[in-house]
Structure formats: structure tokens, C-alpha cells
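Source file: final_21.tsv; contents: TSV, C-alpha atoms and all ligand atoms.
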chain	number	residue	atom	x	y	z
A	1	MET	CA	27.38	-0.10	14.90
A	2	PRO	CA	24.46	-2.41	15.75
A	3	ILE	CA	22.03	-2.68	12.84
A	4	LYS	CA	19.10	-1.31	14.86
A	5	ASN	CA	20.84	2.06	15.18
A	6	LYS	CA	20.97	2.59	11.44
A	7	THR	CA	18.78	5.47	10.25
A	8	LEU	CA	16.70	5.44	7.10
A	9	GLY	CA	18.91	8.20	5.71
A	10	GLU	CA	22.05	6.09	6.18
A	11	PHE	CA	20.33	3.01	4.78
A	12	ILE	CA	19.27	4.88	1.62
A	13	ILE	CA	22.83	6.12	1.00
A	14	GLU	CA	24.37	2.68	1.63
A	15	ASN	CA	22.00	0.99	-0.81
A	16	GLN	CA	22.13	3.57	-3.57
A	17	SER	CA	24.42	1.43	-5.74
A	18	GLN	CA	21.65	-1.17	-6.12
A	19	PHE	CA	19.85	1.03	-8.64
A	20	LYS	CA	21.42	0.39	-12.00
A	21	TYR	CA	19.99	3.32	-13.93
A	22	SER	CA	19.54	5.88	-11.19
A	23	GLU	CA	22.07	8.53	-10.31
A	24	GLY	CA	20.80	8.97	-6.80
A	25	GLU	CA	17.36	10.01	-8.03
A	26	LEU	CA	15.44	7.09	-6.58
A	27	SER	CA	17.19	7.65	-3.26
A	28	ARG	CA	16.14	11.28	-3.32
A	29	LEU	CA	12.62	10.24	-4.17
A	30	ILE	CA	12.45	7.88	-1.15
A	31	ASN	CA	13.83	10.76	0.89
A	32	SER	CA	10.99	13.05	-0.14
A	33	ILE	CA	8.49	10.35	0.85
A	34	ARG	CA	10.24	10.10	4.22
A	35	LEU	CA	9.77	13.83	4.70
A	36	ALA	CA	6.08	13.88	3.73
A	37	ALA	CA	5.51	10.87	6.01
A	38	LYS	CA	6.75	12.84	9.00
A	39	VAL	CA	4.52	15.82	8.17
A	40	VAL	CA	1.42	13.64	7.73
A	41	ASN	CA	2.29	11.67	10.87
A	42	HIS	CA	2.27	14.88	12.85
A	43	GLU	CA	-1.19	15.75	11.54
A	44	VAL	CA	-2.60	12.22	12.01
A	45	ASN	CA	-1.50	12.30	15.63
A	46	LYS	CA	-3.44	15.51	16.19
A	47	ALA	CA	-6.64	13.98	14.82
A	48	GLY	CA	-7.95	13.17	18.30
A	49	LEU	CA	-7.82	16.83	19.27
A	50	VAL	CA	-10.96	17.74	17.30
A	51	ASP	CA	-12.66	19.32	20.29
A	52	ILE	CA	-9.69	21.60	20.77
A	53	LEU	CA	-8.65	22.22	17.18
A	54	GLY	CA	-12.03	21.92	15.46
A	55	GLN	CA	-13.65	19.42	13.09
A	56	ALA	CA	-12.69	19.10	9.44
A	57	GLY	CA	-14.39	21.93	7.59
A	58	GLU	CA	-14.35	24.26	10.61
A	59	VAL	CA	-11.90	27.02	11.41
A	60	ASN	CA	-9.57	26.20	14.31
A	61	ILE	CA	-8.37	28.44	17.12
A	62	GLN	CA	-5.35	29.53	15.10
A	63	GLY	CA	-7.77	30.68	12.40
A	64	GLU	CA	-6.67	27.92	9.99
A	65	ALA	CA	-9.27	25.99	8.05
A	66	GLN	CA	-9.28	22.31	9.08
A	67	GLN	CA	-8.93	19.91	6.21
A	68	LYS	CA	-9.97	16.33	5.91
A	69	LEU	CA	-6.90	14.22	6.54
A	70	ASP	CA	-7.01	12.42	3.21
A	71	VAL	CA	-7.01	15.77	1.38
A	72	TYR	CA	-4.22	17.00	3.65
A	73	ALA	CA	-2.10	13.88	3.09
A	74	ASN	CA	-2.67	14.11	-0.65
A	75	GLU	CA	-1.44	17.71	-0.73
A	76	LYS	CA	1.61	17.05	1.44
A	77	PHE	CA	2.79	14.08	-0.61
A	78	ILE	CA	2.22	15.89	-3.91
A	79	HIS	CA	4.11	18.89	-2.56
A	80	ALA	CA	7.07	16.80	-1.37
A	81	LEU	CA	7.24	14.85	-4.64
A	82	THR	CA	7.03	17.78	-7.05
A	83	ARG	CA	9.87	19.85	-5.72
A	84	ARG	CA	12.91	17.74	-6.47
A	85	GLU	CA	12.98	17.33	-10.23
A	86	ILE	CA	12.79	13.55	-10.08
A	87	VAL	CA	9.09	12.88	-10.59
A	88	CYS	CA	7.42	13.72	-13.90
A	89	GLY	CA	3.90	12.61	-12.91
A	90	ILE	CA	1.74	11.64	-9.97
A	91	ALA	CA	-1.48	9.63	-9.88
A	92	SER	CA	-3.44	9.61	-6.64
A	93	GLU	CA	-6.58	7.93	-5.38
A	94	GLU	CA	-7.72	11.43	-4.44
A	95	GLU	CA	-7.29	12.91	-7.95
A	96	GLU	CA	-9.46	12.09	-10.92
A	97	ASP	CA	-6.66	12.56	-13.45
A	98	PHE	CA	-2.91	12.15	-13.21
A	99	ILE	CA	-0.82	15.26	-12.55
A	100	ARG	CA	1.94	16.35	-14.95
A	101	ILE	CA	5.07	17.82	-13.42
A	102	GLU	CA	7.30	19.83	-15.68
A	103	GLY	CA	10.82	20.04	-14.24
A	104	ASN	CA	13.31	22.75	-15.15
A	105	ASN	CA	14.95	20.81	-17.94
A	106	ASN	CA	12.34	18.04	-18.10
A	107	THR	CA	14.71	15.20	-17.26
A	108	ASN	CA	12.47	13.70	-14.56
A	109	LYS	CA	12.20	9.93	-15.07
A	110	TYR	CA	9.83	8.59	-12.41
A	111	VAL	CA	6.08	8.44	-11.87
A	112	VAL	CA	4.54	7.93	-8.43
A	113	LEU	CA	1.12	6.41	-7.76
A	114	MET	CA	-0.35	6.62	-4.29
A	115	ASP	CA	-3.18	6.18	-1.84
A	116	PRO	CA	-2.33	9.15	0.42
A	117	LEU	CA	-4.56	8.01	3.26
A	118	ASP	CA	-5.66	4.41	3.43
A	119	GLY	CA	-8.26	3.33	5.98
A	120	SER	CA	-9.70	6.83	6.23
A	121	SER	CA	-12.87	5.58	7.95
A	122	ASN	CA	-10.66	4.71	10.94
A	123	ILE	CA	-9.36	8.23	11.61
A	124	ASP	CA	-12.20	9.37	13.84
A	125	VAL	CA	-11.88	6.34	16.10
A	126	ASN	CA	-8.13	6.43	16.74
A	127	VAL	CA	-7.35	3.31	14.70
A	128	SER	CA	-4.27	3.00	12.49
A	129	VAL	CA	-4.28	4.45	8.99
A	130	GLY	CA	-1.59	4.46	6.32
A	131	THR	CA	-0.16	5.79	3.07
A	132	ILE	CA	0.69	3.51	0.13
A	133	PHE	CA	3.08	4.41	-2.72
A	134	SER	CA	4.27	2.82	-5.92
A	135	ILE	CA	7.10	4.02	-8.20
A	136	TYR	CA	7.80	3.30	-11.90
A	137	ARG	CA	10.21	4.59	-14.51
A	138	ARG	CA	8.28	6.35	-17.26
A	139	VAL	CA	8.01	4.50	-20.58
A	140	THR	CA	7.53	7.52	-22.85
A	141	PRO	CA	10.63	9.57	-23.79
A	142	VAL	CA	12.24	11.69	-21.08
A	143	GLY	CA	11.66	15.37	-21.82
A	144	SER	CA	8.19	14.87	-23.34
A	145	PRO	CA	4.97	15.38	-21.33
A	146	VAL	CA	4.10	12.34	-19.23
A	147	GLN	CA	1.26	10.21	-20.64
A	148	LEU	CA	-1.41	7.87	-19.29
A	149	GLU	CA	0.62	4.86	-20.49
A	150	ASP	CA	3.41	5.83	-18.06
A	151	PHE	CA	0.95	5.06	-15.25
A	152	LEU	CA	-0.78	2.02	-16.75
A	153	GLN	CA	2.20	-0.31	-16.36
A	154	LYS	CA	2.04	-3.81	-14.97
A	155	GLY	CA	2.92	-4.10	-11.28
A	156	SER	CA	5.90	-6.23	-12.25
A	157	GLU	CA	7.51	-3.06	-13.67
A	158	GLN	CA	7.58	-1.27	-10.29
A	159	VAL	CA	11.02	-0.08	-9.20
A	160	ALA	CA	9.96	0.63	-5.62
A	161	ALA	CA	6.87	0.46	-3.43
A	162	GLY	CA	6.01	0.84	0.20
A	163	TYR	CA	3.71	2.10	2.88
A	164	ILE	CA	3.68	4.18	6.01
A	165	VAL	CA	1.57	2.93	8.88
A	166	TYR	CA	0.57	5.62	11.37
A	167	GLY	CA	0.00	3.21	14.22
A	168	THR	CA	0.95	2.74	17.85
A	169	SER	CA	4.28	3.66	16.38
A	170	THR	CA	4.80	5.06	12.90
A	171	MET	CA	6.65	2.86	10.45
A	172	LEU	CA	7.87	3.23	6.90
A	173	VAL	CA	8.18	-0.12	5.10
A	174	TYR	CA	9.47	-0.29	1.55
A	175	THR	CA	11.15	-2.34	-1.15
A	176	THR	CA	13.25	-1.50	-4.16
A	177	GLY	CA	13.24	-5.12	-5.32
A	178	HIS	CA	15.93	-6.25	-2.90
A	179	GLY	CA	13.79	-7.45	0.00
A	180	VAL	CA	11.60	-5.47	2.37
A	181	ASN	CA	12.86	-3.30	5.21
A	182	GLY	CA	10.90	-1.57	7.95
A	183	PHE	CA	11.87	1.66	9.74
A	184	THR	CA	10.29	2.96	12.94
A	185	LEU	CA	9.97	6.67	13.65
A	186	ASN	CA	11.43	7.95	16.88
A	187	PRO	CA	9.00	10.86	17.30
A	188	ALA	CA	11.16	12.62	19.90
A	189	ILE	CA	13.86	13.35	17.33
A	190	GLY	CA	11.92	12.80	14.08
A	191	THR	CA	14.21	10.07	12.76
A	192	PHE	CA	13.31	6.71	11.21
A	193	TYR	CA	15.48	3.80	12.38
A	194	LEU	CA	15.88	0.42	10.73
A	195	SER	CA	13.86	-1.75	13.13
A	196	HIS	CA	12.72	-4.61	10.87
A	197	PRO	CA	15.47	-5.60	8.40
A	198	ASN	CA	14.65	-8.13	5.67
A	199	LEU	CA	11.00	-8.74	6.54
A	200	LYS	CA	9.51	-12.10	5.51
A	201	PHE	CA	5.96	-13.42	5.74
A	202	PRO	CA	5.73	-16.81	7.47
A	203	GLU	CA	4.90	-19.49	4.84
A	204	ARG	CA	1.63	-20.13	6.66
A	205	GLY	CA	-0.12	-18.34	9.50
A	206	ASN	CA	-3.38	-18.59	11.40
A	207	ILE	CA	-5.04	-15.24	10.66
A	208	TYR	CA	-7.62	-14.44	8.00
A	209	SER	CA	-8.68	-10.84	7.30
A	210	ILE	CA	-11.85	-10.19	5.34
A	211	ASN	CA	-15.02	-8.16	5.83
A	212	GLU	CA	-17.22	-11.15	6.58
A	213	GLY	CA	-20.28	-8.92	6.89
A	214	TYR	CA	-20.56	-9.26	3.10
A	215	TYR	CA	-20.50	-13.09	3.27
A	216	GLN	CA	-23.83	-13.54	1.45
A	217	HIS	CA	-22.49	-11.49	-1.45
A	218	PHE	CA	-19.19	-13.38	-1.94
A	219	PRO	CA	-18.38	-15.80	-4.77
A	220	GLN	CA	-18.74	-19.50	-3.87
A	221	GLY	CA	-14.94	-20.06	-3.91
A	222	VAL	CA	-14.51	-17.43	-1.17
A	223	LYS	CA	-17.36	-18.91	0.86
A	224	ASP	CA	-15.70	-22.35	0.61
A	225	TYR	CA	-12.38	-20.91	1.75
A	226	LEU	CA	-14.00	-19.16	4.73
A	227	LYS	CA	-15.63	-22.44	5.80
A	228	TYR	CA	-12.17	-24.05	5.52
A	229	CYS	CA	-10.67	-21.29	7.75
A	230	GLN	CA	-13.32	-22.02	10.37
A	231	GLU	CA	-13.05	-25.83	10.36
A	232	GLU	CA	-12.00	-27.61	13.53
A	233	LYS	CA	-8.56	-29.09	12.63
A	234	GLU	CA	-5.13	-29.27	14.21
A	235	ASP	CA	-4.16	-25.75	13.05
A	236	ARG	CA	-7.69	-24.36	12.62
A	237	PRO	CA	-9.99	-22.54	13.11
A	238	TYR	CA	-7.89	-19.54	12.14
A	239	LYS	CA	-8.31	-16.25	13.96
A	240	ALA	CA	-10.38	-13.55	12.23
A	241	ARG	CA	-8.69	-10.13	12.35
A	242	TYR	CA	-9.95	-7.24	10.23
A	243	ILE	CA	-8.97	-3.66	10.96
A	244	GLY	CA	-10.41	-2.13	7.80
A	245	SER	CA	-7.11	-0.45	6.92
A	246	LEU	CA	-5.38	-2.53	4.26
A	247	VAL	CA	-2.00	-1.18	5.36
A	248	SER	CA	-2.48	-2.27	8.98
A	249	ASP	CA	-4.03	-5.63	8.10
A	250	PHE	CA	-1.17	-6.35	5.68
A	251	HIS	CA	1.46	-5.23	8.20
A	252	ARG	CA	0.12	-7.51	10.94
A	253	ASN	CA	-0.21	-10.45	8.55
A	254	MET	CA	3.38	-9.98	7.35
A	255	LEU	CA	4.71	-10.07	10.91
A	256	LYS	CA	2.48	-12.90	12.15
A	257	GLY	CA	1.45	-14.85	9.06
A	258	GLY	CA	-1.99	-14.53	7.50
A	259	ILE	CA	-4.14	-13.82	4.49
A	260	TYR	CA	-6.04	-10.65	3.50
A	261	ILE	CA	-8.97	-10.99	1.10
A	262	TYR	CA	-11.12	-8.33	-0.56
A	263	PRO	CA	-13.03	-10.35	-3.13
A	264	THR	CA	-15.55	-9.40	-5.78
A	265	SER	CA	-19.10	-9.43	-4.49
A	266	SER	CA	-22.55	-8.72	-5.81
A	267	LYS	CA	-22.09	-5.29	-4.15
A	268	ASN	CA	-18.65	-4.65	-5.68
A	269	PRO	CA	-18.55	-6.77	-8.84
A	270	GLN	CA	-14.96	-5.67	-9.65
A	271	GLY	CA	-13.76	-5.78	-6.02
A	272	LYS	CA	-13.17	-2.59	-4.05
A	273	LEU	CA	-9.43	-2.05	-3.87
A	274	ARG	CA	-7.56	-0.14	-6.56
A	275	LEU	CA	-5.07	-2.03	-8.66
A	276	LEU	CA	-2.64	0.87	-9.09
A	277	TYR	CA	-2.72	2.58	-5.69
A	278	GLU	CA	-3.30	-0.35	-3.33
A	279	CYS	CA	-2.94	-3.83	-4.82
A	280	ASN	CA	0.20	-3.49	-6.97
A	281	PRO	CA	2.38	-1.87	-4.29
A	282	MET	CA	1.20	-4.36	-1.67
A	283	ALA	CA	1.76	-7.21	-4.14
A	284	PHE	CA	5.34	-6.07	-4.79
A	285	LEU	CA	6.02	-5.91	-1.04
A	286	ALA	CA	4.36	-9.29	-0.50
A	287	GLU	CA	6.44	-11.01	-3.18
A	288	GLN	CA	9.62	-9.37	-1.93
A	289	ALA	CA	8.74	-10.68	1.54
A	290	GLY	CA	8.33	-14.23	0.20
A	291	ALA	CA	4.53	-14.10	0.02
A	292	LYS	CA	1.89	-14.01	-2.70
A	293	ALA	CA	-0.71	-11.63	-4.17
A	294	SER	CA	-3.43	-12.79	-6.51
A	295	ASP	CA	-6.85	-11.80	-7.81
A	296	GLY	CA	-8.01	-15.29	-6.84
A	297	TYR	CA	-6.94	-16.76	-10.19
A	298	LYS	CA	-3.73	-15.07	-11.32
A	299	ARG	CA	-0.81	-12.95	-10.16
A	300	ILE	CA	-1.79	-9.33	-9.41
A	301	MET	CA	1.45	-7.90	-10.83
A	302	ALA	CA	0.85	-9.59	-14.21
A	303	ILE	CA	-2.40	-7.68	-14.83
A	304	LYS	CA	-2.13	-5.03	-17.56
A	305	PRO	CA	-4.03	-2.02	-16.20
A	306	THR	CA	-6.57	-0.34	-18.46
A	307	ALA	CA	-7.66	2.59	-16.25
A	308	LEU	CA	-6.16	4.69	-13.46
A	309	HIS	CA	-8.81	3.88	-10.87
A	310	GLN	CA	-9.33	0.24	-11.89
A	311	ARG	CA	-10.48	-2.09	-9.11
A	312	VAL	CA	-9.52	-5.74	-8.64
A	313	PRO	CA	-10.27	-8.54	-6.19
A	314	PHE	CA	-7.30	-9.03	-3.88
A	315	PHE	CA	-5.97	-12.12	-2.10
A	316	CYS	CA	-2.66	-11.41	-0.40
A	317	GLY	CA	-0.51	-12.96	2.25
A	318	SER	CA	1.35	-16.07	3.35
A	319	ASN	CA	2.21	-18.24	0.35
A	320	GLU	CA	0.47	-21.43	1.35
A	321	MET	CA	-2.67	-19.65	2.50
A	322	VAL	CA	-3.12	-17.75	-0.77
A	323	SER	CA	-2.49	-20.98	-2.69
A	324	ASP	CA	-5.19	-22.75	-0.63
A	325	ALA	CA	-7.65	-19.95	-1.44
A	326	GLU	CA	-6.73	-20.05	-5.15
A	327	ARG	CA	-7.33	-23.81	-5.25
A	328	MET	CA	-10.84	-23.29	-3.92
A	329	MET	CA	-11.49	-20.39	-6.31
A	330	ALA	CA	-10.35	-22.55	-9.25
A	331	LYS	CA	-13.32	-24.89	-8.75
A	332	TYR	CA	-15.62	-22.17	-10.07
A	333	PRO	CA	-15.28	-20.18	-13.29
A	334	GLU	CA	-13.95	-16.65	-12.82
A	335	ASP	CA	-17.16	-15.10	-14.15
A	336	SER	CA	-19.51	-17.30	-12.09
A	337	LYS	CA	-22.37	-15.55	-10.31
A	338	TYR	CA	-22.60	-15.18	-6.53
A	401	LIG	P1	-9.43	4.06	1.61
A	401	LIG	O1	-9.54	4.54	3.02
A	401	LIG	O2	-8.15	4.50	0.95
A	401	LIG	O3	-10.65	4.36	0.79
A	401	LIG	O4	-9.27	2.46	1.61
A	401	LIG	C1	-10.07	1.65	2.42
A	401	LIG	C2	-9.93	0.23	1.93
A	401	LIG	C3	-8.94	-0.63	2.69
A	401	LIG	O5	-7.95	0.01	3.37
A	401	LIG	C4	-9.80	-1.43	3.63
A	401	LIG	O6	-9.23	-2.68	3.89
A	401	LIG	C5	-11.08	-1.53	2.92
A	401	LIG	O7	-11.19	-0.41	2.08
A	401	LIG	C6	-12.24	-1.57	3.85
A	401	LIG	O8	-13.41	-1.70	3.14
A	401	LIG	P2	-14.74	-2.27	3.83
A	401	LIG	O9	-15.19	-1.23	4.80
A	401	LIG	O10	-15.69	-2.46	2.67
A	401	LIG	O11	-14.39	-3.58	4.49
A	402	MN	MN	-7.11	2.71	0.50
A	403	MN	MN	-7.41	6.49	0.54

This structure in C-alpha cells:
Amino acid sequence: MPIKNKTLGEFIIENQSQFKYSEGELSRLINSIRLAAKVVNHEVNKAGLVDILGQAGEVNIQGEAQQKLDVYANEKFIHALTRREIVCGIASEEEEDFIRIEGNNNTNKYVVLMDPLDGSSNIDVNVSVGTIFSIYRRVTPVGSPVQLEDFLQKGSEQVAAGYIVYGTSTMLVYTTGHGVNGFTLNPAIGTFYLSHPNLKFPERGNIYSINEGYYQHFPQGVKDYLKYCQEEKEDRPYKARYIGSLVSDFHRNMLKGGIYIYPTSSKNPQGKLRLLYECNPMAFLAEQAGAKASDGYKRIMAIKPTALHQRVPFFCGSNEMVSDAERMMAKYPEDSKY
């Protein structure tokens, strides 16, 4: 059978033996994410029908209360993840505290961290949004209540991570540490097909993605790198492309080659993106796709988290481009003022 006809379901079963310690649990977990992705996709695609179905907060013609999509996505993913006795805890960008899940016999081994709807400011204007997820094995004993330390693991401990991009087509892209594979949803029959096997970032590209509106507030190393991107050279100036949905910007840069930067600034002294829900999963995917993710000075996945909603500066993309940016950052001390 040609590889492009393989479904996500078949792919998961075929690759189950790669997980040393898992008796099909991780496969079932990915399956539940697949299911929630389809449900959220359906809702995201209705978002343009506000005049017909009603705004968030209103009651629609079926008499159902309309929810904000990020709240909706959060609920759907939590629902899908809690029902299968695999996950013992969930942390979400939308929840202040982590959620404990007590299974029947408490043998659940995995924790999931997620950004249920990334790029939420783009929903109203029909621009792609996404979901990001990150999976770890718990570190506290199986059978005991899950603890904060189960969530505050370094990114390098992730066993799987991925995203769904609800775009011109809907894709699920994920890694379990054996490369990155992308699956495209055929909406007519509700099945994901392997469309992008073994994804790799080009070593260098010609796209830079950053919210340059904050230029005056950036550290000097970032300003230097932006001037470098804009210089007139054989392969420059680079193209500026910024969607404002990390998932979509990352996805494009992986396919075409590029760098995404969300630095610290005098407005966001810690950066804006969340280490656990956004940066670590994207960093795992980037490294598995032959690329790099850094806070400007060091590897993202080596950072020991100290809080659930911790923010970090994020430089992610084609290897050589992130290395160029790091070289320019290294000229200034990490705690230098803007
Ligand atoms: P979220 O919608 O989950 O809050 O995340 C938005 C993030 C990220 O996806 C995007 O790249 C960035 O915030 C955009 O921020 P700015 O508007 O400050 O550029
Ligand atoms: Mn986000
Ligand atoms: Mn979000």
C-alpha cells in the first residue's frame, strides 16, 4: 500500500513496539488526542457562523449556550483524556492548577500538559489556530495521587509531544522520540492520513517570524539579529512572516525553513510563551525534526521548570538560524537591560 494511504490509526498500531515501557497505553493516549482533535476541529470550522449560531456568551438557535473556543477546546481535551485510565493528571494553560485524575485502580502512568487553543486571537478573523500537547511519565509512585513534581519535569523527559493545526486543512503532527510525522484530516470521512512522513526542518531557511512591533522593547542581541535578517546579502534580506499562532508559524517554518522568536522585552521581562504548554513540546518536535530550540542562551529542554505557568523567551527553528541568533545574543549578558 502506498505510504500516503496509511491512516493515523494504522500508524499508531504499527509503531506501538517502539515504546519500551508502555503496554499500548501511549498509543491509546495518542488515540484519545486524535478523537478530541476531530471534535475541536468541527467546532473551529463553525466559528465563522457567528451570525447564524450566535456569539460566544449568547444562546444559539438550538438553545445551547455558546462557549469561547479556548474553553470549549479545554473541556473536550480534558474529557477525552480522562476517560481511558491512562492519564493520572492534566495541566492546561486554561486551568490555574493541575487536575488529578483517579483511575479505577490508580495505575495511570502519564501526565499531559497542553495549550488547548493556541493563537486564540486569530479565531474571529478566520486565521489558523492550533492545540499543543506534551506527555510525560509520572515520577511519583503509580497508585499515589499525582503531584506538582510530575508536571515540573525537564522537556528532555517528554515521551511524546505534538500539535494540531486547524488550518486550510487540519493536521496532527507528533513525535514519540522517533522523528516527526504529520497526518492530514480528510474531513469527508473524518480520518487522518499520513501525509508528511519523517518531517525535517531545512538546515537554513529565509523566513523570520517575530512580532516586530515590539522592536523598541527587545534586548540588544535580538535587535542585532533582526538587522542581520534585513541586511542586503546573497541570501538576505529574509522574508518576515508572523501569523501570531505559534503552531502555524512553527509549522510553516518546519516545511520551508525559518526561525520563530518570542524574546524577553521590557513589556514581557520573562518572555510571553509558556515553557510547559508551548515551548517544551515545540522544542521536542523541533529537535526531532533536526532543528533547534533555545531561550537565546541555552537549550529549552534542559531548563528545570519551577512553576506550571512559567514563561521563557523562545528561539526555535532551522539549526543554523537559531545558532546565528544565539551568537548575537551571547555578545550581551543574559540579564542585560533593553
Ligand atoms: P494563546 O492564544 O494560547 O494565548 O497563545 C498565543 C501566543 C502564540 O501562539 C503567538 O505566537 C503569540 O502568543 C502572539 O503574541 P503577540 O500577539 O504578543 O505577538
Ligand atoms: Mn498559546
Ligand atoms: Mn491558548

Identify, counting only C-alpha atoms and all ligand atoms, the protein, DNA and RNA residues located within 7 Å of ligand LIG 401 (chain A), and give them as a PyMOL selection string.
chain A and resi 115+117-121+211+244-247+272-273

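If you look at CA of Gly257 (chain A) and CA of Ile207 (chain A), they are 6.7 Å away from each other.
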
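Nearest-residue note for ligand MN 402 (chain A): choosing from A:Met114, A:Val159, A:Leu308, A:Val322, the minimum distance belongs to A:Met114, counting only C-alpha atoms and all ligand atoms.
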
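Compared by their closest atoms to Ala56 (chain A), and using only C-alpha atoms, the residues A:Val111, A:Asn319, A:Ile123, A:Ser169 rank with A:Ile123 nearest.
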
Which residue of A:Val112, A:Tyr166, A:Gln147, A:Gly271 approaches His42 (chain A) most closely, using all atoms listed in the file:
A:Tyr166

Let me know the centre plus edge lengths, in Å and rounded to one decimal, of a box with edges along x, y and z that contains all listed atoms of region 32-41 of chain A and is padded by 8 Å on every side, as lines of an AutoDock Vina configuration file.
center_x = 6.2
center_y = 13.0
center_z = 5.4
size_x = 25.6
size_y = 21.7
size_z = 27.0

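In this model, the gap between CA of Asn280 (chain A) and CA of Glu43 (chain A) comes to 26.7 Å.
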
For Tyr174 (chain A), list every protein, DNA or RNA residue within 12 Å, evaluated using only C-alpha atoms, and leave out those in the same chain fewer than 5 positions away; present the list as a PyMOL selection string.
chain A and resi 8+11-12+30-31+33-34+131-135+159-165+179-184+194+196-199+251+281-286+288-289

Just the selected residues (C-alpha atoms), exported as a compact mmCIF listing (two decimals), in the coordinates of the input, please.
# COMPACT_ATOMS: atom_id res chain seq x y z
CA LEU A 8 16.70 5.44 7.10
CA PHE A 11 20.33 3.01 4.78
CA ILE A 12 19.27 4.88 1.62
CA ILE A 30 12.45 7.88 -1.15
CA ASN A 31 13.83 10.76 0.89
CA ILE A 33 8.49 10.35 0.85
CA ARG A 34 10.24 10.10 4.22
CA THR A 131 -0.16 5.79 3.07
CA ILE A 132 0.69 3.51 0.13
CA PHE A 133 3.08 4.41 -2.72
CA SER A 134 4.27 2.82 -5.92
CA ILE A 135 7.10 4.02 -8.20
CA VAL A 159 11.02 -0.08 -9.20
CA ALA A 160 9.96 0.63 -5.62
CA ALA A 161 6.87 0.46 -3.43
CA GLY A 162 6.01 0.84 0.20
CA TYR A 163 3.71 2.10 2.88
CA ILE A 164 3.68 4.18 6.01
CA VAL A 165 1.57 2.93 8.88
CA GLY A 179 13.79 -7.45 0.00
CA VAL A 180 11.60 -5.47 2.37
CA ASN A 181 12.86 -3.30 5.21
CA GLY A 182 10.90 -1.57 7.95
CA PHE A 183 11.87 1.66 9.74
CA THR A 184 10.29 2.96 12.94
CA LEU A 194 15.88 0.42 10.73
CA HIS A 196 12.72 -4.61 10.87
CA PRO A 197 15.47 -5.60 8.40
CA ASN A 198 14.65 -8.13 5.67
CA LEU A 199 11.00 -8.74 6.54
CA HIS A 251 1.46 -5.23 8.20
CA PRO A 281 2.38 -1.87 -4.29
CA MET A 282 1.20 -4.36 -1.67
CA ALA A 283 1.76 -7.21 -4.14
CA PHE A 284 5.34 -6.07 -4.79
CA LEU A 285 6.02 -5.91 -1.04
CA ALA A 286 4.36 -9.29 -0.50
CA GLN A 288 9.62 -9.37 -1.93
CA ALA A 289 8.74 -10.68 1.54
